[in-house]
There are 4 protein chains.
Amino acid sequence: MKRSSEQTRGERTRQAILASATQAFRDRGYERATTADVAQGAKVSEATIFNHYGSKSGLLLEVMESYYRDTLLELEEAIRGQGGPEQQLRVMVRFWVLRVVKDWSLARVFSQHGRFSDDPQVVTSYRELSRGLTGRVLAVLQNLRTEGKIGDDIPLYLLRDVIFGAGEHIALGAAIRPRSQAELERAGEQIVGLILAGSKPSEKSEASLASLEAKLDQVLQRLPEA
Amino acid sequence: MKRSSEQTRGERTRQAILASATQAFRDRGYERATTADVAQGAKVSEATIFNHYGSKSGLLLEVMESYYRDTLLELEEAIRGQGGPEQQLRVMVRFWVLRVVKDWSLARVFSQHGRFSDDPQVVTSYRELSRGLTGRVLAVLQNLRTEGKIGDDIPLYLLRDVIFGAGEHIALGAAIRPRSQAELERAGEQIVGLILAGSKPSEKSEASLASLEAKLDQVLQRLPEA
Amino acid sequence: MKRSSEQTRGERTRQAILASATQAFRDRGYERATTADVAQGAKVSEATIFNHYGSKSGLLLEVMESYYRDTLLELEEAIRGQGGPEQQLRVMVRFWVLRVVKDWSLARVFSQHGRFSDDPQVVTSYRELSRGLTGRVLAVLQNLRTEGKIGDDIPLYLLRDVIFGAGEHIALGAAIRPRSQAELERAGEQIVGLILAGSKPSEKSEASLASLEAKLDQVLQRLPEA
Amino acid sequence: MKRSSEQTRGERTRQAILASATQAFRDRGYERATTADVAQGAKVSEATIFNHYGSKSGLLLEVMESYYRDTLLELEEAIRGQGGPEQQLRVMVRFWVLRVVKDWSLARVFSQHGRFSDDPQVVTSYRELSRGLTGRVLAVLQNLRTEGKIGDDIPLYLLRDVIFGAGEHIALGAAIRPRSQAELERAGEQIVGLILAGSKPSEKSEASLASLEAKLDQVLQRLPEA
DNA sequence: GATGAATGAGAATTCATTCAT
DNA sequence: GATGAATGAATTCTCATTCAT
């Protein structure tokens with residue numbers, strides 16, 4: 001009995017369990033999702049789950065890792081070939097808002113248990129994984145600062161917190177009063193707008209307008225009167 | 001055996017349970033805090049808890065209500081007598097950041113179970129209570145818009161989400177790398193700065209753009225026709 | 001609803017559980033006796049067992065302590081008022097043989113898990129308890145040595161091992177081919193006989209021979225010449 | 001790929017499993033040694049164990065048989081060419097003490113499960129096997145009795161129980177306070193000494209000496225003073 | 001008002017065993 | 001011969017909840 005894909009039976013089972021667990025954690029949270037739920041969802045026996053993942057927290061670990069891996073891959077994909085850091089930031093924030101709206105519950109499970117799990121591996125792994133994501137954003141913010149688009153007086157971590165925190169709260173609101181994709185993208189744009197406008201070096205922007213004006217004055221002086 | 005305060009014995013017991021439960025939920029989260037923990041902390045038997053609060057979720061309900069009531073009271077206190085809405089916003093954000101850093105775990109318990117509890121009363125109540133808090137912020141933001149300090153193009157709920165979301169993420173970061181009170185207050189200031197600067201109506205920059213355009217018109221006039 | 005004895009309900013339940021557990025461990029051994037078995041035997045729910053004893057190994061601990069306490073008490077009772085150490089030893093060995101025949105399985109559970117339990121309390125406690133018992137025997141052996149009835153060349157611990165080991169093996173044999181109480185008491189006597197005869201200082205038998213010879217000389221002197 | 005010995009692959013696998021199982025039972029006891037442990041130790045899959053031995057208790061059966069077979073062989077080897085039965089007894093006891101000290105845990109597994117296994121084959125087989133061993137000792141004791149070195153009043157099974165029981169208890173003590181090989185051999189000698197001295201035909205025994213002495217005293221009283 | 005005592009309904013985890021390949 | 005994969009049946013333990021006193 002062959003399969004088109006080259007997965008072994010075991011591999012397929014693992015995937016089924018992982019998918020079912022992801023769903024279960026999303027729907028019911030970690031503690032209320034039981035291994036029996038997951039087994040049922042994956043159409044395997046509970047014992048099979050333990051054969052593959054060792055423990056419930058081992059399952060969480062892999063759900064987390066797989067989820068972050070995918071997310072990071074999609075994020076890279078989304079910003080590939082985007083021009084400057086500003087454009088990258090726009091894409092990232094949009095991406096993040098949409099993603100967190102879709103998967104808010106899951107993200108919350110990760111952030112809760114990634115911090116407080118009894119299983120130290122979960123904690124360690126979560127820290128690394130989430131750093132992978134936020135680090136990506138911090139890097140772009142750093143580029144923007146280098147380009148002079150973000151002032152020196154505001155710490156980047158704060159902007160990062162604004163991005164991720166606002167994203168989450170939008171998701172949270174969206175859970176109660178659903179919003180269209182367009183609205184969400186717009187919200188993403190506006191967050192970026194807020195950040196760039198609110199944190200741009202203040203003297204400088206007015207300064208450059210002023211500098212333009214000064215140059216125009218020079219042009220005017222050199223031109224004959226109308 | 002008298003008591004200076006006029007609480008009955010029952011009332012004192014209720015308070016002890018409430019305090020213990022608050023602590024337990026803060027320390028261990030709702031699911032992992034057991035009624036036995038709470039009973040031990042309050043130095044009463046488990047049965048007494050059920051006499052007073054009927055169920056574990058009933059206990060959560062009262063913890064939540066009592067916490068929000070206190071918080072809202074303190075918030076009102078803090079902004080009492082503050083001048084304009086801008087100043088009020090500053091105070092509120094600073095208050096919120098400090099509060100959420102202190103009680104992040106508890107806030108998370110509320111927000112998690114306020115949304116997903118099996119007990120519908122908890123859900124209903126949470127919605128109202130948190131609206132009470134965010135509504136307070138929205139009102140001030142509305143005032144700022146009326147004063148022309150916030151542009152029409154950015155929805156206020158987004159600014160609210162930025163405030164609350166950023167606050168939470170700062171708290172979250174502070175749990176790993178603790179920050180001094182001064183730093184936190186500064187972060188609060190900067191969030192307000194970001195919001196006000198980033199969302200201020202664009203007349204100002206339009207003003208200088210207009211001035212530039214006027215000058216360009218002059219240039220065009222002085223140049224010979226093509 | 002009163003009880004003739006002054007035990008509380010809880011106390012009665014504890015006793016019932018203890019009795020049932022003792023029986024279950026005796027009948028099936030520790031690992032194969034389940035907490036469900038014990039609960040059924042005590043006519044309580046499984047949860048009640050855990051309320052009272054905390055864990056299965058906690059239950060074993062108390063079964064062990066209670067059993068040793070009783071046994072030691074009965075032993076003291078049995079040797080109370082017995083004359084010299086030799087008589088005491090006889091009583092003890094007889095007691096021990098009868099006891100171990102009756103409770104061989106239980107003793108084996110203790111000795112197995114008292115040594116290899118994962119629960120360190122069980123191990124510690126077992127060591128103390130069994131020392132209490134064997135110590136009693138060693139003390140009597142020591143007295144016998146002081147009285148010159150046991151030679152210096154044989155270590156007492158060996159005699160102790162003979163007593164306890166032979167007792168167990170008799171019990172073991174009795175499990176296959178049952179023996180009457182009289183037979184068992186006789187076996188006890190014989191073990192003591194073996195020990196006293198086999199380990200008595202060798203000079204002594206020569207001494208008494210010498211004493212006999214001396215007396216015979218006296219007799220000869222008093223008798224008329226042939 | 002050749003092998004010097006002529007074992008087939010299957011045979012080699014069987015051996016590896018047997019060795020690993022023996023070790024596992026010794027280290028962890030029957031119940032707590034899992035088939036997974038055994039498989040890991042033998043570097044085969046769990047399924048292979050079942051191919052070869054059918055069940056866990058089938059595995060125990062073969063471990064037991066193989067162990068007793070080896071032990072009996074070594075015992076025969078040890079007493080081969082030893083002179084009289086007394087010398088044979090000495091060798092046997094010494095052998096047994098050393099062996100049981102080394103393999104006390106394993107012996108205990110056999111004796112426990114040989115008696116109480118659910119698998120009747122294990123029980124039957126254990127009975128035969130252990131009879132093979134103790135029978136060997138009984139035979140020698142019988143010879144000693146025939147030689148007049150053991151009195152008629154003490155049953156031989158009791159002496160056998162003393163030998164095996166004392167051996168086990170010495171082993172048990174040695175597990176806590178390790179003893180040198182010399183000490184153990186000495187203990188073996190002393191047990192034999194005890195048995196031979198303690199059970200030798202009673203003509204010379206102290207009881208009759210005492211009785212003789214008593215009669216002499218009577219004679220002396222009836223005789224006139226010298 | 002308070003509590004000692006008891007419990008039902010799970011929960012995760014273990015483990016010998018089977019079977020298709 | 002060997003094994004990867006799967007599983008049924010337990011098993012210990014937890015916890016909110018009830019109720020007689």
# chains A, B, ... in the order shown; residues from 1 in each chain; ligands from 1
>>> interface_residues(of="chain D", to="chain C", cutoff="6 Å", atoms="only C-alpha atoms", output="ChimeraX atom specification")
/D:161-162,165-166,169,194,197-198,226
>>> write_last_selection(atoms="N, CA, C and O atoms", output="PDB file, in the first residue's frame")
ATOM      1  N   ASP D 161      16.531 -25.822  55.927  1.00  0.00           N
ATOM      2  CA  ASP D 161      16.001 -24.463  56.072  1.00  0.00           C
ATOM      3  C   ASP D 161      17.006 -23.548  56.750  1.00  0.00           C
ATOM      4  O   ASP D 161      17.112 -22.366  56.424  1.00  0.00           O
ATOM      5  N   VAL D 162      17.720 -24.095  57.714  1.00  0.00           N
ATOM      6  CA  VAL D 162      18.743 -23.281  58.369  1.00  0.00           C
ATOM      7  C   VAL D 162      19.796 -22.862  57.354  1.00  0.00           C
ATOM      8  O   VAL D 162      20.179 -21.689  57.273  1.00  0.00           O
ATOM      9  N   GLY D 165      18.070 -20.513  54.637  1.00  0.00           N
ATOM     10  CA  GLY D 165      17.572 -19.304  55.280  1.00  0.00           C
ATOM     11  C   GLY D 165      18.697 -18.421  55.799  1.00  0.00           C
ATOM     12  O   GLY D 165      18.717 -17.215  55.546  1.00  0.00           O
ATOM     13  N   ALA D 166      19.622 -19.053  56.492  1.00  0.00           N
ATOM     14  CA  ALA D 166      20.735 -18.267  57.006  1.00  0.00           C
ATOM     15  C   ALA D 166      21.511 -17.649  55.853  1.00  0.00           C
ATOM     16  O   ALA D 166      21.901 -16.474  55.900  1.00  0.00           O
ATOM     17  N   HIS D 169      19.748 -14.603  54.677  1.00  0.00           N
ATOM     18  CA  HIS D 169      19.820 -13.463  55.598  1.00  0.00           C
ATOM     19  C   HIS D 169      21.219 -12.869  55.654  1.00  0.00           C
ATOM     20  O   HIS D 169      21.375 -11.666  55.867  1.00  0.00           O
ATOM     21  N   LEU D 194      27.837 -25.071  63.178  1.00  0.00           N
ATOM     22  CA  LEU D 194      26.649 -24.992  64.004  1.00  0.00           C
ATOM     23  C   LEU D 194      25.773 -26.222  63.801  1.00  0.00           C
ATOM     24  O   LEU D 194      25.297 -26.851  64.751  1.00  0.00           O
ATOM     25  N   ALA D 197      27.682 -29.459  65.004  1.00  0.00           N
ATOM     26  CA  ALA D 197      27.824 -29.505  66.450  1.00  0.00           C
ATOM     27  C   ALA D 197      26.457 -29.563  67.126  1.00  0.00           C
ATOM     28  O   ALA D 197      26.237 -30.299  68.083  1.00  0.00           O
ATOM     29  N   GLY D 198      25.538 -28.795  66.597  1.00  0.00           N
ATOM     30  CA  GLY D 198      24.243 -28.684  67.251  1.00  0.00           C
ATOM     31  C   GLY D 198      23.345 -29.876  67.040  1.00  0.00           C
ATOM     32  O   GLY D 198      22.389 -30.078  67.787  1.00  0.00           O
ATOM     33  N   ALA D 226      32.383 -40.134 103.371  1.00  0.00           N
ATOM     34  CA  ALA D 226      33.607 -40.940 103.300  1.00  0.00           C
ATOM     35  C   ALA D 226      34.322 -40.947 104.647  1.00  0.00           C
ATOM     36  O   ALA D 226      34.288 -39.962 105.381  1.00  0.00           O
TER      37      ALA D 226
END
>>> closest_atom_pairs(of="chain D", to="chain F", cutoff="8 Å", atoms="only C-alpha atoms (C1' of nucleotides)", output="Markdown table")
| residue | atom | partner | partner_atom | distance |
| --- | --- | --- | --- | --- |
| D:Gly10 | CA | F:DG1 | C1' | 6.8 |
| D:Ser45 | CA | F:DT3 | C1' | 6.1 |
| D:Ala47 | CA | F:DT3 | C1' | 6.7 |
| D:Thr48 | CA | F:DA2 | C1' | 6.2 |
>>> interface_residues(of="chain C", to="chain E", cutoff="12 Å", atoms="only C-alpha atoms (C1' of nucleotides)", output="PyMOL selection string")
chain C and resi 8-14+39+43-52
>>> residues_around(residues="region 121-135 of chain C", least_positions_apart="6", cutoff="8 Å", atoms="only C-alpha atoms (C1' of nucleotides)", output="PyMOL selection string")
chain C and resi 57-58+60-61+64-65+68+72+110-111+113-115+160
>>> write_last_selection(atoms="N, CA and C atoms", output="PDB file, in the first residue's frame")
ATOM      1  N   SER C  57       2.349   4.474  48.503  1.00  0.00           N
ATOM      2  CA  SER C  57       3.498   4.128  49.330  1.00  0.00           C
ATOM      3  C   SER C  57       3.331   4.650  50.753  1.00  0.00           C
ATOM      4  N   GLY C  58       2.571   5.753  50.886  1.00  0.00           N
ATOM      5  CA  GLY C  58       2.237   6.225  52.220  1.00  0.00           C
ATOM      6  C   GLY C  58       1.402   5.191  52.964  1.00  0.00           C
ATOM      7  N   LEU C  60       1.536   1.925  52.359  1.00  0.00           N
ATOM      8  CA  LEU C  60       2.463   0.849  52.723  1.00  0.00           C
ATOM      9  C   LEU C  60       3.202   1.196  54.016  1.00  0.00           C
ATOM     10  N   LEU C  61       3.648   2.436  54.066  1.00  0.00           N
ATOM     11  CA  LEU C  61       4.382   2.888  55.237  1.00  0.00           C
ATOM     12  C   LEU C  61       3.602   2.638  56.516  1.00  0.00           C
ATOM     13  N   MET C  64       3.088  -1.004  57.375  1.00  0.00           N
ATOM     14  CA  MET C  64       4.328  -1.544  57.906  1.00  0.00           C
ATOM     15  C   MET C  64       4.516  -1.140  59.359  1.00  0.00           C
ATOM     16  N   GLU C  65       4.368   0.141  59.601  1.00  0.00           N
ATOM     17  CA  GLU C  65       4.586   0.618  60.963  1.00  0.00           C
ATOM     18  C   GLU C  65       3.597   0.001  61.930  1.00  0.00           C
ATOM     19  N   TYR C  68       4.534  -3.723  62.490  1.00  0.00           N
ATOM     20  CA  TYR C  68       5.704  -3.922  63.350  1.00  0.00           C
ATOM     21  C   TYR C  68       5.407  -3.527  64.786  1.00  0.00           C
ATOM     22  N   LEU C  72       5.858  -6.189  67.722  1.00  0.00           N
ATOM     23  CA  LEU C  72       6.813  -5.956  68.787  1.00  0.00           C
ATOM     24  C   LEU C  72       6.105  -5.982  70.147  1.00  0.00           C
ATOM     25  N   PHE C 110       7.208  -6.352  53.033  1.00  0.00           N
ATOM     26  CA  PHE C 110       7.961  -5.344  53.774  1.00  0.00           C
ATOM     27  C   PHE C 110       9.434  -5.425  53.418  1.00  0.00           C
ATOM     28  N   SER C 111       9.954  -6.634  53.424  1.00  0.00           N
ATOM     29  CA  SER C 111      11.398  -6.737  53.249  1.00  0.00           C
ATOM     30  C   SER C 111      11.797  -6.365  51.826  1.00  0.00           C
ATOM     31  N   HIS C 113      10.013  -4.172  49.736  1.00  0.00           N
ATOM     32  CA  HIS C 113       9.827  -2.756  49.467  1.00  0.00           C
ATOM     33  C   HIS C 113      10.515  -1.889  50.506  1.00  0.00           C
ATOM     34  N   GLY C 114      10.693  -2.453  51.677  1.00  0.00           N
ATOM     35  CA  GLY C 114      11.473  -1.728  52.664  1.00  0.00           C
ATOM     36  C   GLY C 114      12.892  -1.494  52.173  1.00  0.00           C
ATOM     37  N   ARG C 115      13.305  -2.320  51.274  1.00  0.00           N
ATOM     38  CA  ARG C 115      14.658  -2.157  50.744  1.00  0.00           C
ATOM     39  C   ARG C 115      14.693  -1.355  49.454  1.00  0.00           C
ATOM     40  N   ARG C 160      21.664 -14.683  64.677  1.00  0.00           N
ATOM     41  CA  ARG C 160      20.439 -13.953  64.353  1.00  0.00           C
ATOM     42  C   ARG C 160      19.959 -14.330  62.948  1.00  0.00           C
TER      43      ARG C 160
END
>>> residues_around(residues="region 86-98 of chain C", least_positions_apart="2", cutoff="6 Å", atoms="only C-alpha atoms (C1' of nucleotides)", output="NGL selection string")
:C and (79 or 82 or 84 or 100-101 or 167 or 185 or 188)
>>> decode(residues="region 55-79 of chain D", atoms="N, CA and C atoms", output="PDB file, in the first residue's frame")
ATOM      1  N   SER D  55       5.903 -14.404  25.988  1.00  0.00           N
ATOM      2  CA  SER D  55       5.332 -13.490  26.971  1.00  0.00           C
ATOM      3  C   SER D  55       6.397 -13.136  27.998  1.00  0.00           C
ATOM      4  N   LYS D  56       6.064 -12.177  28.807  1.00  0.00           N
ATOM      5  CA  LYS D  56       7.031 -11.771  29.815  1.00  0.00           C
ATOM      6  C   LYS D  56       7.262 -12.913  30.795  1.00  0.00           C
ATOM      7  N   SER D  57       6.208 -13.608  31.147  1.00  0.00           N
ATOM      8  CA  SER D  57       6.412 -14.679  32.120  1.00  0.00           C
ATOM      9  C   SER D  57       7.152 -15.863  31.469  1.00  0.00           C
ATOM     10  N   GLY D  58       6.972 -16.003  30.142  1.00  0.00           N
ATOM     11  CA  GLY D  58       7.763 -17.015  29.440  1.00  0.00           C
ATOM     12  C   GLY D  58       9.245 -16.684  29.531  1.00  0.00           C
ATOM     13  N   LEU D  59       9.506 -15.391  29.494  1.00  0.00           N
ATOM     14  CA  LEU D  59      10.890 -14.951  29.611  1.00  0.00           C
ATOM     15  C   LEU D  59      11.423 -15.251  31.007  1.00  0.00           C
ATOM     16  N   LEU D  60      10.623 -14.949  31.996  1.00  0.00           N
ATOM     17  CA  LEU D  60      11.028 -15.264  33.363  1.00  0.00           C
ATOM     18  C   LEU D  60      11.325 -16.753  33.504  1.00  0.00           C
ATOM     19  N   LEU D  61      10.441 -17.547  32.932  1.00  0.00           N
ATOM     20  CA  LEU D  61      10.612 -18.996  32.989  1.00  0.00           C
ATOM     21  C   LEU D  61      12.001 -19.400  32.499  1.00  0.00           C
ATOM     22  N   GLU D  62      12.373 -18.869  31.368  1.00  0.00           N
ATOM     23  CA  GLU D  62      13.647 -19.307  30.801  1.00  0.00           C
ATOM     24  C   GLU D  62      14.826 -18.733  31.561  1.00  0.00           C
ATOM     25  N   VAL D  63      14.653 -17.520  32.042  1.00  0.00           N
ATOM     26  CA  VAL D  63      15.727 -16.952  32.860  1.00  0.00           C
ATOM     27  C   VAL D  63      15.959 -17.847  34.081  1.00  0.00           C
ATOM     28  N   MET D  64      14.865 -18.242  34.659  1.00  0.00           N
ATOM     29  CA  MET D  64      14.927 -19.062  35.861  1.00  0.00           C
ATOM     30  C   MET D  64      15.581 -20.400  35.559  1.00  0.00           C
ATOM     31  N   GLU D  65      15.105 -21.044  34.526  1.00  0.00           N
ATOM     32  CA  GLU D  65      15.642 -22.357  34.200  1.00  0.00           C
ATOM     33  C   GLU D  65      17.119 -22.267  33.876  1.00  0.00           C
ATOM     34  N   SER D  66      17.446 -21.278  33.091  1.00  0.00           N
ATOM     35  CA  SER D  66      18.848 -21.148  32.708  1.00  0.00           C
ATOM     36  C   SER D  66      19.714 -20.853  33.934  1.00  0.00           C
ATOM     37  N   TYR D  67      19.196 -20.023  34.817  1.00  0.00           N
ATOM     38  CA  TYR D  67      19.980 -19.696  35.998  1.00  0.00           C
ATOM     39  C   TYR D  67      20.187 -20.911  36.897  1.00  0.00           C
ATOM     40  N   TYR D  68      19.113 -21.642  37.130  1.00  0.00           N
ATOM     41  CA  TYR D  68      19.237 -22.813  38.004  1.00  0.00           C
ATOM     42  C   TYR D  68      20.122 -23.871  37.363  1.00  0.00           C
ATOM     43  N   ARG D  69      19.974 -24.037  36.073  1.00  0.00           N
ATOM     44  CA  ARG D  69      20.801 -25.006  35.370  1.00  0.00           C
ATOM     45  C   ARG D  69      22.282 -24.666  35.592  1.00  0.00           C
ATOM     46  N   ASP D  70      22.619 -23.446  35.350  1.00  0.00           N
ATOM     47  CA  ASP D  70      24.007 -23.027  35.524  1.00  0.00           C
ATOM     48  C   ASP D  70      24.471 -23.225  36.961  1.00  0.00           C
ATOM     49  N   THR D  71      23.615 -22.789  37.887  1.00  0.00           N
ATOM     50  CA  THR D  71      23.999 -22.869  39.288  1.00  0.00           C
ATOM     51  C   THR D  71      24.234 -24.315  39.716  1.00  0.00           C
ATOM     52  N   LEU D  72      23.325 -25.178  39.298  1.00  0.00           N
ATOM     53  CA  LEU D  72      23.446 -26.573  39.664  1.00  0.00           C
ATOM     54  C   LEU D  72      24.713 -27.176  39.075  1.00  0.00           C
ATOM     55  N   LEU D  73      24.979 -26.813  37.844  1.00  0.00           N
ATOM     56  CA  LEU D  73      26.191 -27.283  37.181  1.00  0.00           C
ATOM     57  C   LEU D  73      27.434 -26.855  37.958  1.00  0.00           C
ATOM     58  N   GLU D  74      27.448 -25.604  38.331  1.00  0.00           N
ATOM     59  CA  GLU D  74      28.605 -25.097  39.074  1.00  0.00           C
ATOM     60  C   GLU D  74      28.737 -25.780  40.428  1.00  0.00           C
ATOM     61  N   LEU D  75      27.581 -26.032  41.024  1.00  0.00           N
ATOM     62  CA  LEU D  75      27.606 -26.708  42.319  1.00  0.00           C
ATOM     63  C   LEU D  75      28.188 -28.109  42.177  1.00  0.00           C
ATOM     64  N   GLU D  76      27.716 -28.847  41.186  1.00  0.00           N
ATOM     65  CA  GLU D  76      28.244 -30.193  40.948  1.00  0.00           C
ATOM     66  C   GLU D  76      29.751 -30.125  40.745  1.00  0.00           C
ATOM     67  N   GLU D  77      30.126 -29.153  39.939  1.00  0.00           N
ATOM     68  CA  GLU D  77      31.546 -28.938  39.671  1.00  0.00           C
ATOM     69  C   GLU D  77      32.320 -28.740  40.971  1.00  0.00           C
ATOM     70  N   ALA D  78      31.728 -27.934  41.845  1.00  0.00           N
ATOM     71  CA  ALA D  78      32.432 -27.577  43.079  1.00  0.00           C
ATOM     72  C   ALA D  78      32.625 -28.768  44.017  1.00  0.00           C
ATOM     73  N   ILE D  79      31.599 -29.630  44.058  1.00  0.00           N
ATOM     74  CA  ILE D  79      31.746 -30.734  45.009  1.00  0.00           C
ATOM     75  C   ILE D  79      32.334 -31.992  44.383  1.00  0.00           C
TER      76      ILE D  79
END
